[in-house]
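Listing of work-v6.pdb, PDB, C-alpha atoms and all ligand atoms
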ATOM      1  CA  MET A   1      59.810  32.198  18.065  1.00  0.00           C
ATOM      2  CA  GLU A   2      56.024  32.349  18.006  1.00  0.00           C
ATOM      3  CA  GLY A   3      56.263  35.356  15.744  1.00  0.00           C
ATOM      4  CA  ASP A   4      54.191  33.794  13.001  1.00  0.00           C
ATOM      5  CA  LYS A   5      51.107  33.478  15.150  1.00  0.00           C
ATOM      6  CA  PRO A   6      48.321  35.627  13.747  1.00  0.00           C
ATOM      7  CA  LEU A   7      47.198  38.500  15.909  1.00  0.00           C
ATOM      8  CA  THR A   8      43.791  37.810  17.326  1.00  0.00           C
ATOM      9  CA  ALA A   9      41.313  39.824  19.296  1.00  0.00           C
ATOM     10  CA  THR A  10      38.098  38.751  20.968  1.00  0.00           C
ATOM     11  CA  LEU A  11      35.215  41.175  21.193  1.00  0.00           C
ATOM     12  CA  MET A  12      31.490  41.444  21.694  1.00  0.00           C
ATOM     13  CA  CYS A  13      29.586  42.706  18.689  1.00  0.00           C
ATOM     14  CA  THR A  14      26.200  42.976  17.071  1.00  0.00           C
ATOM     15  CA  VAL A  15      25.499  41.810  13.543  1.00  0.00           C
ATOM     16  CA  VAL A  16      24.568  44.810  11.409  1.00  0.00           C
ATOM     17  CA  ALA A  17      24.165  43.077   8.059  1.00  0.00           C
ATOM     18  CA  VAL A  18      25.069  39.875   6.274  1.00  0.00           C
ATOM     19  CA  ASP A  19      25.864  39.793   2.559  1.00  0.00           C
ATOM     20  CA  HIS A  20      23.449  37.105   1.412  1.00  0.00           C
ATOM     21  CA  THR A  21      24.389  37.330  -2.260  1.00  0.00           C
ATOM     22  CA  HIS A  22      27.640  35.369  -1.911  1.00  0.00           C
ATOM     23  CA  LEU A  23      27.373  33.016   1.012  1.00  0.00           C
ATOM     24  CA  CYS A  24      29.591  30.273  -0.270  1.00  0.00           C
ATOM     25  CA  TYR A  25      32.207  29.218  -2.795  1.00  0.00           C
ATOM     26  CA  ARG A  26      32.998  25.936  -4.452  1.00  0.00           C
ATOM     27  CA  VAL A  27      36.013  23.798  -3.734  1.00  0.00           C
ATOM     28  CA  CYS A  28      37.250  20.432  -4.858  1.00  0.00           C
ATOM     29  CA  SER A  29      36.016  17.834  -2.368  1.00  0.00           C
ATOM     30  CA  LEU A  30      39.396  16.092  -2.439  1.00  0.00           C
ATOM     31  CA  CYS A  31      41.993  18.839  -2.179  1.00  0.00           C
ATOM     32  CA  GLU A  32      39.734  21.750  -1.132  1.00  0.00           C
ATOM     33  CA  LYS A  33      41.268  24.071  -3.702  1.00  0.00           C
ATOM     34  CA  THR A  34      38.896  26.785  -4.861  1.00  0.00           C
ATOM     35  CA  LEU A  35      37.151  26.051  -8.138  1.00  0.00           C
ATOM     36  CA  PRO A  36      36.181  28.728 -10.625  1.00  0.00           C
ATOM     37  CA  GLU A  37      32.602  29.913 -10.293  1.00  0.00           C
ATOM     38  CA  THR A  38      30.261  28.740 -12.978  1.00  0.00           C
ATOM     39  CA  ASP A  39      27.515  30.902 -14.344  1.00  0.00           C
ATOM     40  CA  LYS A  40      25.427  32.002 -11.364  1.00  0.00           C
ATOM     41  CA  ASN A  41      22.220  31.917 -13.362  1.00  0.00           C
ATOM     42  CA  ASN A  42      22.499  28.345 -14.434  1.00  0.00           C
ATOM     43  CA  ASN A  43      19.637  26.298 -13.097  1.00  0.00           C
ATOM     44  CA  THR A  44      19.459  22.896 -11.558  1.00  0.00           C
ATOM     45  CA  SER A  45      19.098  21.150 -14.872  1.00  0.00           C
ATOM     46  CA  SER A  46      22.772  21.582 -15.671  1.00  0.00           C
ATOM     47  CA  SER A  47      24.694  18.560 -14.558  1.00  0.00           C
ATOM     48  CA  SER A  48      26.994  18.982 -11.582  1.00  0.00           C
ATOM     49  CA  SER A  49      29.373  16.497 -13.111  1.00  0.00           C
ATOM     50  CA  SER A  50      30.118  18.708 -16.082  1.00  0.00           C
ATOM     51  CA  LEU A  51      33.817  18.773 -16.881  1.00  0.00           C
ATOM     52  CA  SER A  52      34.085  22.505 -16.328  1.00  0.00           C
ATOM     53  CA  SER A  53      33.516  21.955 -12.633  1.00  0.00           C
ATOM     54  CA  ALA A  54      36.202  19.307 -12.272  1.00  0.00           C
ATOM     55  CA  CYS A  55      39.302  20.142 -10.279  1.00  0.00           C
ATOM     56  CA  LYS A  56      42.263  20.577 -12.559  1.00  0.00           C
ATOM     57  CA  TYR A  57      44.651  19.510  -9.805  1.00  0.00           C
ATOM     58  CA  CYS A  58      42.966  16.243  -8.924  1.00  0.00           C
ATOM     59  CA  ASN A  59      41.469  15.510 -12.284  1.00  0.00           C
ATOM     60  CA  ALA A  60      44.710  14.187 -13.696  1.00  0.00           C
ATOM     61  CA  PHE A  61      44.929  11.544 -10.986  1.00  0.00           C
ATOM     62  CA  ASN A  62      41.353  10.731 -10.223  1.00  0.00           C
ATOM     63  CA  PRO A  63      38.892  12.124 -12.759  1.00  0.00           C
ATOM     64  CA  VAL A  64      35.744  10.534 -11.388  1.00  0.00           C
ATOM     65  CA  SER A  65      35.786  11.496  -7.751  1.00  0.00           C
ATOM     66  CA  SER A  66      36.769  15.131  -7.787  1.00  0.00           C
ATOM     67  CA  ASN A  67      33.278  16.452  -7.286  1.00  0.00           C
ATOM     68  CA  PRO A  68      32.897  20.007  -6.117  1.00  0.00           C
ATOM     69  CA  LYS A  69      31.502  20.858  -2.734  1.00  0.00           C
ATOM     70  CA  ARG A  70      30.586  24.158  -1.179  1.00  0.00           C
ATOM     71  CA  LEU A  71      32.084  25.962   1.769  1.00  0.00           C
ATOM     72  CA  PHE A  72      30.750  29.041   3.477  1.00  0.00           C
ATOM     73  CA  ARG A  73      32.459  32.354   2.938  1.00  0.00           C
ATOM     74  CA  VAL A  74      30.297  35.053   4.453  1.00  0.00           C
ATOM     75  CA  LEU A  75      30.879  38.792   4.565  1.00  0.00           C
ATOM     76  CA  MET A  76      29.255  40.390   7.557  1.00  0.00           C
ATOM     77  CA  SER A  77      29.187  43.918   9.005  1.00  0.00           C
ATOM     78  CA  ILE A  78      29.462  43.952  12.746  1.00  0.00           C
ATOM     79  CA  ALA A  79      29.285  46.749  15.261  1.00  0.00           C
ATOM     80  CA  SER A  80      31.589  46.761  18.263  1.00  0.00           C
ATOM     81  CA  ASP A  81      31.291  49.367  20.989  1.00  0.00           C
ATOM     82  CA  THR A  82      33.445  51.750  18.965  1.00  0.00           C
ATOM     83  CA  LYS A  83      32.972  51.057  15.268  1.00  0.00           C
ATOM     84  CA  VAL A  84      31.212  49.212  12.477  1.00  0.00           C
ATOM     85  CA  PHE A  85      33.336  47.115  10.153  1.00  0.00           C
ATOM     86  CA  VAL A  86      33.200  44.211   7.744  1.00  0.00           C
ATOM     87  CA  VAL A  87      34.645  40.816   8.588  1.00  0.00           C
ATOM     88  CA  VAL A  88      34.847  37.625   6.605  1.00  0.00           C
ATOM     89  CA  MET A  89      33.689  34.348   8.068  1.00  0.00           C
ATOM     90  CA  PHE A  90      34.789  31.034   6.627  1.00  0.00           C
ATOM     91  CA  ASP A  91      33.223  27.614   6.838  1.00  0.00           C
ATOM     92  CA  ARG A  92      33.932  26.556  10.410  1.00  0.00           C
ATOM     93  CA  ALA A  93      32.667  29.766  11.990  1.00  0.00           C
ATOM     94  CA  ALA A  94      29.735  30.180   9.592  1.00  0.00           C
ATOM     95  CA  ARG A  95      28.425  26.707  10.407  1.00  0.00           C
ATOM     96  CA  VAL A  96      27.856  27.856  13.984  1.00  0.00           C
ATOM     97  CA  LEU A  97      25.451  30.540  12.751  1.00  0.00           C
ATOM     98  CA  PHE A  98      23.896  28.605   9.895  1.00  0.00           C
ATOM     99  CA  GLY A  99      23.631  25.254  11.673  1.00  0.00           C
ATOM    100  CA  CYS A 100      24.490  23.149   8.648  1.00  0.00           C
ATOM    101  CA  SER A 101      27.061  22.699   5.919  1.00  0.00           C
ATOM    102  CA  ALA A 102      27.128  25.055   2.946  1.00  0.00           C
ATOM    103  CA  ASP A 103      25.986  22.199   0.702  1.00  0.00           C
ATOM    104  CA  GLU A 104      22.960  21.530   2.896  1.00  0.00           C
ATOM    105  CA  PHE A 105      22.142  25.216   2.980  1.00  0.00           C
ATOM    106  CA  PHE A 106      22.514  25.568  -0.770  1.00  0.00           C
ATOM    107  CA  ASP A 107      20.300  22.546  -1.417  1.00  0.00           C
ATOM    108  CA  PHE A 108      17.668  23.964   0.910  1.00  0.00           C
ATOM    109  CA  ALA A 109      17.923  27.365  -0.773  1.00  0.00           C
ATOM    110  CA  LYS A 110      17.377  25.791  -4.187  1.00  0.00           C
ATOM    111  CA  LEU A 111      13.954  24.630  -3.042  1.00  0.00           C
ATOM    112  CA  HIS A 112      13.166  27.804  -1.115  1.00  0.00           C
ATOM    113  CA  PRO A 113      14.300  30.806  -3.155  1.00  0.00           C
ATOM    114  CA  PHE A 114      14.451  33.418  -0.406  1.00  0.00           C
ATOM    115  CA  SER A 115      16.353  31.323   2.095  1.00  0.00           C
ATOM    116  CA  ALA A 116      19.584  33.292   1.873  1.00  0.00           C
ATOM    117  CA  GLU A 117      17.876  36.650   2.357  1.00  0.00           C
ATOM    118  CA  THR A 118      15.760  35.295   5.182  1.00  0.00           C
ATOM    119  CA  ALA A 119      18.732  33.714   6.939  1.00  0.00           C
ATOM    120  CA  ALA A 120      20.742  36.924   6.608  1.00  0.00           C
ATOM    121  CA  LYS A 121      17.880  39.010   7.989  1.00  0.00           C
ATOM    122  CA  ALA A 122      17.408  36.616  10.892  1.00  0.00           C
ATOM    123  CA  LEU A 123      21.053  37.034  11.895  1.00  0.00           C
ATOM    124  CA  GLU A 124      20.846  40.829  11.962  1.00  0.00           C
ATOM    125  CA  GLY A 125      20.874  42.143  15.490  1.00  0.00           C
ATOM    126  CA  GLU A 126      22.326  38.974  16.988  1.00  0.00           C
ATOM    127  CA  MET A 127      24.887  39.540  19.727  1.00  0.00           C
ATOM    128  CA  LEU A 128      28.035  37.560  19.127  1.00  0.00           C
ATOM    129  CA  ARG A 129      31.349  37.036  20.784  1.00  0.00           C
ATOM    130  CA  VAL A 130      33.840  36.789  17.952  1.00  0.00           C
ATOM    131  CA  THR A 131      37.543  36.138  17.791  1.00  0.00           C
ATOM    132  CA  LEU A 132      39.092  37.992  14.880  1.00  0.00           C
ATOM    133  CA  SER A 133      42.467  37.451  13.315  1.00  0.00           C
ATOM    134  CA  LYS A 134      44.222  40.296  11.608  1.00  0.00           C
ATOM    135  CA  PRO A 135      45.666  39.363   8.240  1.00  0.00           C
ATOM    136  CA  LYS A 136      49.446  39.405   8.511  1.00  0.00           C
ATOM    137  CA  ASN A 137      50.279  40.058   4.909  1.00  0.00           C
ATOM    138  CA  GLY A 138      48.181  43.169   4.634  1.00  0.00           C
ATOM    139  CA  ASN A 139      46.714  41.995   1.344  1.00  0.00           C
ATOM    140  CA  ALA A 140      43.572  40.511   2.772  1.00  0.00           C
ATOM    141  CA  GLN A 141      40.811  43.046   2.822  1.00  0.00           C
ATOM    142  CA  HIS A 142      38.950  42.031   5.941  1.00  0.00           C
ATOM    143  CA  GLN A 143      39.659  40.660   9.350  1.00  0.00           C
ATOM    144  CA  ARG A 144      38.735  37.041   9.563  1.00  0.00           C
ATOM    145  CA  VAL A 145      36.404  35.489  12.107  1.00  0.00           C
ATOM    146  CA  VAL A 146      38.291  32.648  13.766  1.00  0.00           C
ATOM    147  CA  SER A 147      35.499  31.657  16.103  1.00  0.00           C
ATOM    148  CA  VAL A 148      32.033  32.871  16.935  1.00  0.00           C
ATOM    149  CA  VAL A 149      29.738  32.314  19.901  1.00  0.00           C
ATOM    150  CA  PRO A 150      26.113  33.518  19.784  1.00  0.00           C
ATOM    151  CA  LEU A 151      25.291  35.222  23.097  1.00  0.00           C
ATOM    152  CA  ARG A 152      21.513  35.295  23.080  1.00  0.00           C
ATOM    153  CA  SER A 153      20.146  32.380  25.105  1.00  0.00           C
ATOM    154  CA  GLY A 154      17.402  31.666  22.602  1.00  0.00           C
ATOM    155  CA  PHE A 155      19.702  31.722  19.578  1.00  0.00           C
ATOM    156  CA  ARG A 156      18.851  29.226  16.884  1.00  0.00           C
ATOM    157  CA  PRO A 157      20.958  28.524  13.805  1.00  0.00           C
ATOM    158  CA  ALA A 158      19.580  29.956  10.571  1.00  0.00           C
ATOM    159  CA  ILE A 159      18.674  26.611   9.043  1.00  0.00           C
ATOM    160  CA  GLU A 160      16.423  25.758  12.008  1.00  0.00           C
ATOM    161  CA  ASN A 161      14.498  28.989  11.594  1.00  0.00           C
ATOM    162  CA  LEU A 162      14.176  28.360   7.876  1.00  0.00           C
ATOM    163  CA  ARG A 163      12.967  24.792   8.291  1.00  0.00           C
ATOM    164  CA  GLU A 164      10.308  25.976  10.672  1.00  0.00           C
ATOM    165  CA  LEU A 165       9.337  28.865   8.417  1.00  0.00           C
ATOM    166  CA  TYR A 166       9.123  26.847   5.221  1.00  0.00           C
ATOM    167  CA  GLY A 167       7.899  23.634   6.815  1.00  0.00           C
TER     168      GLY A 167
HETATM  169 ZN    ZN A 201      41.203  18.764  -6.240  1.00  0.00          ZN
END

Before anything else, please render the file you have as structure tokens.
Amino acid sequence: MEGDKPLTATLMCTVVAVDHTHLCYRVCSLCEKTLPETDKNNNTSSSSSSLSSACKYCNAFNPVSSNPKRLFRVLMSIASDTKVFVVVMFDRAARVLFGCSADEFFDFAKLHPFSAETAAKALEGEMLRVTLSKPKNGNAQHQRVVSVVPLRSGFRPAIENLRELYG
């Protein structure tokens, strides 16, 4: 009956490391389908409205408004009381730790080149209570963070630390 419910487990853990090199991915702002990555080295001078970034699903219906947006997808190693393992954290959970949307973070990081590294470092050692869901199909590589609660009373989201640090 409820057999399709994903298996979840809640546990206390410590953040060991955060992969700051790929914090987010691009989706169509209308249908939220993943868009192909453009060249990572392209700089801000390239127009974001270039046709290559348009969503091929929405573009047929509504060419002008299918702008891309970013969502968090963060790989993170965590240590439970028994093991260290890698989990993947998508937008809703990552916003709790980063304190802003992926677009806001990316815009901030464009002005402050080491933001991603700094944010990742700042999260290391944080105690979290996470709810993980086990992938049912067995194809997904990592358990997924369904929800996350920082446990330290003085916890501040990454973007707040960065804003203070970089003024
Ligand atoms: Zn679309």

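Separating atom CA of A:Phe105 from atom CA of A:His20 is a distance of 12.1 Å.
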
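With the shown file loaded, the PyMOL selection byres (((not hetatm)) within 9 of (chain A and resi 201)) picks out Val27, Cys28, Ser29, Leu30, Cys31, Glu32, Lys33, Thr34, Leu35, Ala54, Cys55, Lys56, Tyr57, Cys58, Asn59, Asn62, Ser66, Asn67 and Pro68 of chain A.
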
* To do: Find the distance between atom CA of A:Arg26 and atom CA of A:Lys69 and write it in Å to one decimal.
  => 5.6 Å

* **Residue among A:Val130, A:Phe108, A:Asp19, A:Glu117 lying closest to A:Glu160, counting all atoms listed in the file** =>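 Residue with the minimum atom-to-atom distance to A:Glu160: A:Phe108.
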
* To do: Work out how far apart atom CA of A:Val88 and atom CA of A:Leu71 are and give it in Å to one decimal.
  =>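 One can read the atom CA of A:Val88 to atom CA of A:Leu71 distance as 12.9 Å.
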
* Target residues per the PyMOL selection byres (((chain A and resi 87) around 12) and not hetatm), formatted as JSON, numbers by chain -> {"A": [13, 15, 16, 17, 18, 19, 73, 74, 75, 76, 77, 78, 79, 80, 84, 85, 86, 88, 89, 90, 93, 94, 130, 131, 132, 133, 134, 135, 140, 141, 142, 143, 144, 145, 146, 147, 148]}

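Listed by chain and then by number, the residues chosen by the PyMOL selection byres (((chain A and resi 115) around 10) and not hetatm) in this file are His20, Phe105, Phe106, Phe108, Ala109, Lys110, Leu111, His112, Pro113, Phe114, Ala116, Glu117, Thr118, Ala119, Ala120, Lys121, Ala158, Ile159, Asn161, Leu162, Arg163, Leu165 and Tyr166 of chain A.
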
Around all the atoms of stretch 32-37 of chain A listed in the file, draw an axis-aligned box and extend it by 3 Å on each of the six sides; I want its centre and edge lengths in Å to one decimal, as lines of an AutoDock Vina configuration file.
center_x = 36.9
center_y = 25.8
center_z = -5.9
size_x = 14.7
size_y = 14.2
size_z = 15.5
